[in-house]
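Visitor: The structure that follows is given in the form of structure tokens.
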Amino acid sequence: MNSEHLSEAEIQNYALGTAGPDQAEHVDSCLICHSRVTNYSLIFSVMDELPEPVLDFDAAELVMSHLPQPTAVRGPGERGVYLIACLVLTLLGVPVYLNIDDLLKMTSGLRPVTLYLVGLTTLVVLIFQVTESCRQHLKKINALIAGDMQL
Amino acid sequence: MGLKVDQYRKNATQEKELVTRVLTGDRYAFAEIIKNTERLVALIVLKMIANRADHKDLVQDVYLRAYDKLGTFQFKSKLSTWIGQITYHACLHHLEKKRLLLVEDTFNDHESGLSGLIQLSDQLTDPFSKESESLLVGKELKHIMQDAVSQLPPVYQTLLTLYQSGMSNEEMVQITSLPEGTVKSYLFRARKNLKEIILSKYQKEDL
């Protein structure tokens with residue numbers, strides 16, 4: 001049996017359950033070391049029961065509001081939308097212009113002004129639809145990137 | 001043992017998925033990372049920094065740094081350990097700044113940056129004094145313990161709390177970037193000082 005008192009480190013290890021058999025034998029027979037072990041055991045058991053420190057605010061909410069915003073996809077933009085519209089008009093307008101005589105023959109019963117109004121209305125509606133579709137498309141793409149949409 | 005390895009692999013896969021999602025633009029994946037690591041960040045910040053007014057700024061700073069540097073994380077440790085490391089060093093930097101302003105360093109320690117933070121620990125009484133070998137046994141032991149822990153230097157409080165939360169020595173070494181021997185030594189001194197704080201103040205109640 002080891003008659004020398006245990007060192008402070010050995011006492012701690014014993015209280016933590018990592019001591020060797022020689023130390024255990026000494027503690028069982030030495031009142032002083034037994035008392036020292038009891039002190040540490042009590043400290044460790046009370047520490048186990050202490051509540052864990054927790055933040056008194058929502059960390060996710062705090063941090064997310066300060067994260068850098070993602071850069072939006074740069075689509076063609078307003079100018080690009082009108083360019084596309086003009087291109088469509090050109091593609092539709094050129095065949096009409098080249099075949100105007102045939103078209104007029106087809107619509108010979110109609111007065112020119114009526115024809116003009118129908119054509120103009122059709123074109124305006126077409127331009128509006130194309131522009132609006134492009135805007136909606138860009139909006140959805142940007143929302144997807146920002147993670148706001150659920151797929 | 002096999003179950004533990006499987007759980008570890010599952011956690012590692014989940015972490016990898018979350019990090020990949022954040023790096024490809026899913027900011028809400030980062031909110032999940034915050035929720036998964038908040039406990040460890042709280043343990044470190046609340047134990048290292050006594051001033052409550054500084055907690056919000058520090059937590060925000062830690063996570064913004066983590067977000068900024070997430071692309072450099074190489075999965076050599078757990079994500080929580082990596083964020084814990086950022087947290088610990090942010091707190092250390094915060095404390096060192098304040099110490100430089102308020103307190104002159106009088107204690108030389110080979111661990112640079114910690115010199116003023118642990119000097120208080122070496123000024124306590126001999127544990128073998130005659131009347132101090134037994135502790136108070138009473139109803140308010142938890143309160144006494146909390147009070148005693150709060151008197152320890154910040155690094156000691158943090159290491160003790162991390163140990164009590166179940167963290168391994170290896171993880172504590174990764175978080176603090178201290179050698180394993182130093183972590184063990186600080187834990188030993190923290191427990192010793194805790195006992196001496198309590199013994200120096202209280203005596204056993206007669207039951």
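In the structure tokens, the first chain shown is A, the next is B, and so on; residue numbers restart at 1 for each chain, and ligands run from 1 in the order shown.
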Output as a list in words the set of chain B residues within 6 Å of chain A, with distances taken over only C-alpha atoms.
Guide: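 Taking only C-alpha atoms into account, Asp26, Ala31, Ile34, Ala42, Leu43 and Gln60 of chain B sit within 6 Å of chain A.
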Visitor: In Å, rounded to a single decimal, give me how far CA of Val22 (chain B) is from CA of Gly71 (chain B).
Guide: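 Interatomic distance, CA of Gly71 (chain B) to CA of Val22 (chain B): 9.3 Å.
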Visitor: Considering only C-alpha atoms, can you say which of B:Asp57, B:Glu170, B:Ile44, B:Thr37 comes closest to Leu92 (chain B)?
Guide: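 Closest candidate: B:Ile44.
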Visitor: Measuring atom to atom with only C-alpha atoms, identify which of B:Arg99, B:Arg27, B:His94, B:Lys142 is nearest to Ile49 (chain B).
Guide: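 That would be B:His94, the residue with the smallest distance to Ile49 (chain B).
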